[in-house]
Amino acid sequence: MVEKVIVRGCYPLHPLTTAILSTHTFEAGAGENPRTALHFVRDRWSKGIRDQPAEREDGTPNFIFAIELVDFFEEQISKKWYEAYRTALENPPIDLTENHKAVLKALLLQRAVSELRVSELSSQVRRGSDQIELLSDLSGLGSAQVSSLLRELAEGRVIQKNGNFYSFFPVGARSPEADRIIEEAVQKTPVDRSLLEKIAKAIPSFTISQTFGHPDDWAPQQVVLTKDFFNIETLRELTSQYRIGPNDTIEESPRGVIVWLLASSEEEKLWLRQNAQALLDSVLDTKPHPLPILIVLPNKVNPGLLNAARRKIALDSLDLNQREKIGSIILKDEQSRADTEIKMGLFELLGDSEHYPDLSRQIHEYALPRAYLTSVQTLNRYSIKEVLRECYRQAYPYRVEFSDKPVFSKGVNHLRTAVENISRGLFGDTVGSGIQNLKNKDMQYVVVQEYLIKKWGLLDPENFRVKEPTSRALREAWNRLENAFPPDGRETLAKGVLVELLNPPYGHDYNTLTLLLAAWIGFHRYEIQLSLGGRVKTLGEFKEIFNNAKGPKGFLDTLITQGFAVRRINLDEQFEEIDRIIDRIKKKDPPFSIDEAHRILSKFKQIKSHPKLPQNKAELIESYCRLLEQHLDIAQKYDQQIEDWLSRLQSADFEKLIGLEKFLHQVQVPDLVVPSKPHLDILRKEWEKSLEEQLENLCNRYSQLNDLSHYTEHKNQLQKALRELKRFPILAHKVQSALDQLDQRFLELRQAEDEKPIVAEINSMDESARLASLYQYRTRLNELSNLSQRTENLRKSKLEKIETRIQQFEQLVERLPEAVETAKSLSELKKQKDLLLKNMDQTQDTPLYHRFLEIQTSIERLEGFFDELRVLDYMPSRTPSDLDSKDQRIAEIEKKYSNILSKSQREILGEERRKIDATRQQEEQKARQWLIDLNSRYSSDAQPNELLDIALKPPEFLPIEDREKLNQLIQALQLKVEKDIIRKIEVLFLKLDDEARRNCLKRLQELMGKF
């Protein structure tokens, strides 16, 4: 009732408008003057408020809302906040609608009134939760609309948001340049998986208590996805389990996944809630044990988290120059605000940032694998932790218990060391030999006693021998290995089953899987054959591979990368295989490779220790084992000797190669075990090849001769090689050819010694000498004959260069006259003159010199021609007489130089005359046009006195026939001017009074008397 009375009493003002007008002290000093309020009401009354209906279409009163005070009072409301309001309006990062501006006005009033602590409004303003309602009352807009507009303004960086409270940026704290830089950086930051991963990393992790594995290893992976990334491909990626990667290594996967779906709009939220379960079902299909994945459906629209994360990344990515332009204060403020908004967004997403795993939720808030849904629905509480724990229980029914506290002590990884030591013993089923000496607090002792014996039942507690496990969970994995490697004699790759045991429903980790595999191999050590990379490995070699690996994971990676395979056979088949090997040793057909011999010896030693092997069979195996070892020793010794021989072969010269050939007749070659190094026949071919190469080098070296004093030494070397190669006719022939070449070279050098004066003479002939000398050189070179090939080549080369130089002079003297005749400018002529002077002195004392003199004279006369021609460029062309003078000058030049001018140069004179004619015609045409324009203006009644002034100054080029027309026009203009003067005199005369007229007539008569 009170509210109705207040509203009715204030109408048409909104009660808040009335409250501000009546209580607010305006900074201009007129706030307490009631006329201010009256002025405002009168202003609105004059603008038609009285003609508007009292109610709106929705039935609400048609108030004058408080925001209208802003446009009327402006900065009188509050200079500080009005300036902040104006700053927000200027150059906003987004386009502002009228509703945006209305909200900004309401925010201005809220801040101004709140700051002045108006009692009735202050309590509302200070409560941030009621801010939207207050702004709605101040602006007349709906609360939902105000909330949306405020969010848009904050996201557009027009205003700021601190917590749930909106306000203007402080004046001077922001600049358009800073906003532009930040906004550009935000726009360049994509919403991609990398961004979502950074949001997910901000979610606090949690562990699920269980009796298997380390809690951190089984903690779920946190993932955040938007609608754009929530698809089948992403779900396939997230639900993928341990697998073999492209490089044949183990690619790990989490033990469980929590997916938080992030909706930026109501439409996205609805779509995600409606489609999440169907998408997950389509990916998992009917898998009985899929990876535990829990998808948390969105309850609220949460665009702020995504925007804040983008802004945070954009701010962190700014370079030094951008940071300096923004300023450290604004940058820190922006980063702090982004961090706060991320925390708030995470709070909205999770429900509680710290205790979200334990919050009670509804089952319809999740999407999870159908295989686990029925079991989950039986839970009393649907917190994330409880639901995920039940999914783990269903997904990993065959996980082994492995979680006592001593195993997970911090610091040095005692567990890995214990697993490595135990595995070494399990490979040979010899755990008992080392475990009895350990103390009961040792990690290795704890693992063996508490797990391998008590909880797994994998070792006999009496003798520590491996036995089939009694633990149901471990027995499932044991049986899987049994089925993977049946005793059928076939070799089977192990990588598939190893990866399978890491995944649901087994869930082994690297430690438990390594212990299981080592125990299984030790248990079946007499009936299995292990291979790696296609090569069979003994149990000792296999242990060595384990020792060299970096822990259990490194060991398993090595097995998968190098193609670990198992061949399992029964005892009878093993004995039959031993018999076949013995028969092969007897026959020595086919012989064994060294690797085969090693494997067979290992197999002999392994089978000899088999408890079911008869004594006589063991003795037979022992005898053939010794025989095979002897031949293996010979083969290995052969390989060592050949390796050394081949090493010496690579660096041996001719003399050493001759000695290496003897070794091939002495080395012992085995027949039962084939060495890995090449056979003697191949080695002999290698030796012959090396000998040919070295002989080629020797022949090339000693068949060459550059100094007569070395002749005897070279000949002795070749003759020595010839004696060594008598058994090899083909090679001996090569040496003889080298000897013949050496003798020939000796004769050439001796002749060259005799020709040294001739060579010196030829070398002294300078190709750049004067032409007279070049003629002499050519004559001398043509006279030389019966020279050695080397000297002859020198003679020909020198003669060719001299001939080329002579031809250059001769061609120049032939080409210059033509070039002078065709020269059309002084610069072209000077170029030819420079060329002539450059070569002229070189031709003295030759016939060419006189021809060059004649050409020089012609050039100098032509230079006078071009110099006089240049004078024409400086002669005026303003009058017909100027052009006549130029024409006359051309005629004088032509007459003066007529006897030396070529056709091209006469054409230059013709061109000059054509230019004069063109200039004359052009100027006459301009003059005629001048006369035409003058007549046209005369016909259009232009001012005759102005036209007369123009007509009395005609163009110089006006033709004679047109000058008569001009004279007629001048007479007509003069007549017209006189008539105009008389008319003016008459007009002025009529304006005079009678006395003045008489005086004027008298004065005119006196003037007439003077004429």
# chains A, B, ... in the order shown; residues from 1 in each chain; ligands from 1
>>> residues_around(residues="region 571-582 of chain A", least_positions_apart="4", cutoff="10 Å", atoms="only C-alpha atoms", output="JSON list (two decimals) with N, CA and C atoms, in the first residue's frame")
[["chain", "number", "residue", "atom", "x", "y", "z"],
["A", 487, "PRO", "N", 51.89, -74.34, -26.74],
["A", 487, "PRO", "CA", 53.05, -75.19, -27.07],
["A", 487, "PRO", "C", 52.87, -75.91, -28.40],
["A", 488, "ASP", "N", 52.74, -75.12, -29.47],
["A", 488, "ASP", "CA", 52.53, -75.72, -30.79],
["A", 488, "ASP", "C", 53.72, -75.52, -31.71],
["A", 489, "GLY", "N", 54.83, -74.97, -31.17],
["A", 489, "GLY", "CA", 56.03, -74.82, -31.98],
["A", 489, "GLY", "C", 56.05, -73.59, -32.86],
["A", 526, "TYR", "N", 62.37, -74.17, -20.01],
["A", 526, "TYR", "CA", 62.87, -75.34, -20.74],
["A", 526, "TYR", "C", 62.11, -75.59, -22.04],
["A", 527, "GLU", "N", 61.02, -74.92, -22.24],
["A", 527, "GLU", "CA", 60.18, -75.23, -23.39],
["A", 527, "GLU", "C", 59.91, -74.02, -24.30],
["A", 528, "ILE", "N", 60.63, -72.93, -24.05],
["A", 528, "ILE", "CA", 60.40, -71.75, -24.89],
["A", 528, "ILE", "C", 61.69, -71.31, -25.54],
["A", 586, "LYS", "N", 77.05, -84.46, -37.61],
["A", 586, "LYS", "CA", 77.76, -85.64, -38.15],
["A", 586, "LYS", "C", 78.02, -85.47, -39.65],
["A", 587, "LYS", "N", 77.01, -85.05, -40.36],
["A", 587, "LYS", "CA", 77.11, -84.96, -41.82],
["A", 587, "LYS", "C", 77.83, -83.68, -42.29],
["A", 588, "LYS", "N", 77.91, -82.72, -41.39],
["A", 588, "LYS", "CA", 78.46, -81.40, -41.75],
["A", 588, "LYS", "C", 77.75, -80.79, -42.96],
["A", 600, "ILE", "N", 72.94, -73.11, -30.89],
["A", 600, "ILE", "CA", 72.86, -74.56, -30.65],
["A", 600, "ILE", "C", 73.62, -74.92, -29.38],
["A", 603, "LYS", "N", 71.49, -74.03, -26.59],
["A", 603, "LYS", "CA", 70.39, -74.99, -26.49],
["A", 603, "LYS", "C", 70.88, -76.29, -25.88],
["A", 604, "PHE", "N", 72.09, -76.74, -26.29],
["A", 604, "PHE", "CA", 72.69, -77.94, -25.69],
["A", 604, "PHE", "C", 72.83, -77.77, -24.18],
["A", 607, "ILE", "N", 69.36, -77.78, -22.50],
["A", 607, "ILE", "CA", 68.69, -79.09, -22.44],
["A", 607, "ILE", "C", 69.43, -80.06, -21.53],
["A", 610, "HIS", "N", 68.00, -80.14, -18.14],
["A", 610, "HIS", "CA", 66.60, -80.54, -18.02],
["A", 610, "HIS", "C", 66.52, -81.78, -17.14],
["A", 612, "LYS", "N", 64.47, -84.19, -16.99],
["A", 612, "LYS", "CA", 63.94, -85.40, -17.62],
["A", 612, "LYS", "C", 64.86, -85.95, -18.71],
["A", 613, "LEU", "N", 66.04, -85.37, -18.91],
["A", 613, "LEU", "CA", 66.95, -85.83, -19.95],
["A", 613, "LEU", "C", 67.69, -87.09, -19.49],
["A", 617, "LYS", "N", 71.82, -89.74, -23.16],
["A", 617, "LYS", "CA", 71.54, -88.64, -24.08],
["A", 617, "LYS", "C", 72.36, -87.40, -23.71],
["A", 620, "LEU", "N", 75.95, -87.91, -24.91],
["A", 620, "LEU", "CA", 76.06, -87.73, -26.35],
["A", 620, "LEU", "C", 76.05, -86.23, -26.71],
["A", 621, "ILE", "N", 75.17, -85.53, -26.08],
["A", 621, "ILE", "CA", 75.08, -84.08, -26.32],
["A", 621, "ILE", "C", 76.39, -83.40, -25.94],
["A", 624, "TYR", "N", 79.18, -83.93, -28.68],
["A", 624, "TYR", "CA", 78.98, -83.12, -29.88],
["A", 624, "TYR", "C", 79.06, -81.62, -29.56],
["A", 625, "CYS", "N", 78.79, -81.33, -28.34],
["A", 625, "CYS", "CA", 78.94, -79.93, -27.91],
["A", 625, "CYS", "C", 80.41, -79.52, -28.00],
["A", 628, "LEU", "N", 81.48, -79.17, -31.70],
["A", 628, "LEU", "CA", 80.96, -77.91, -32.27],
["A", 628, "LEU", "C", 81.75, -76.72, -31.74]]
>>> select_by_dssp(residues="region 607-783 of chain A", states="alpha helix (DSSP H)", output="MDAnalysis selection string")
chainID A and resid 607:608 615:651 654:663 680:702 711:724 729:754 756:763 771:783
>>> atom_distance(atom1="CA of Asp358 (chain A)", atom2="CA of Ser205 (chain A)")
12.5 Å
>>> residues_around(residues="region 693-704 of chain A", least_positions_apart="3", cutoff="8 Å", atoms="only C-alpha atoms", output="PyMOL selection string")
chain A and resi 653-654+689-690+714-715+717-718+731+734-735+738-739+741-742+745
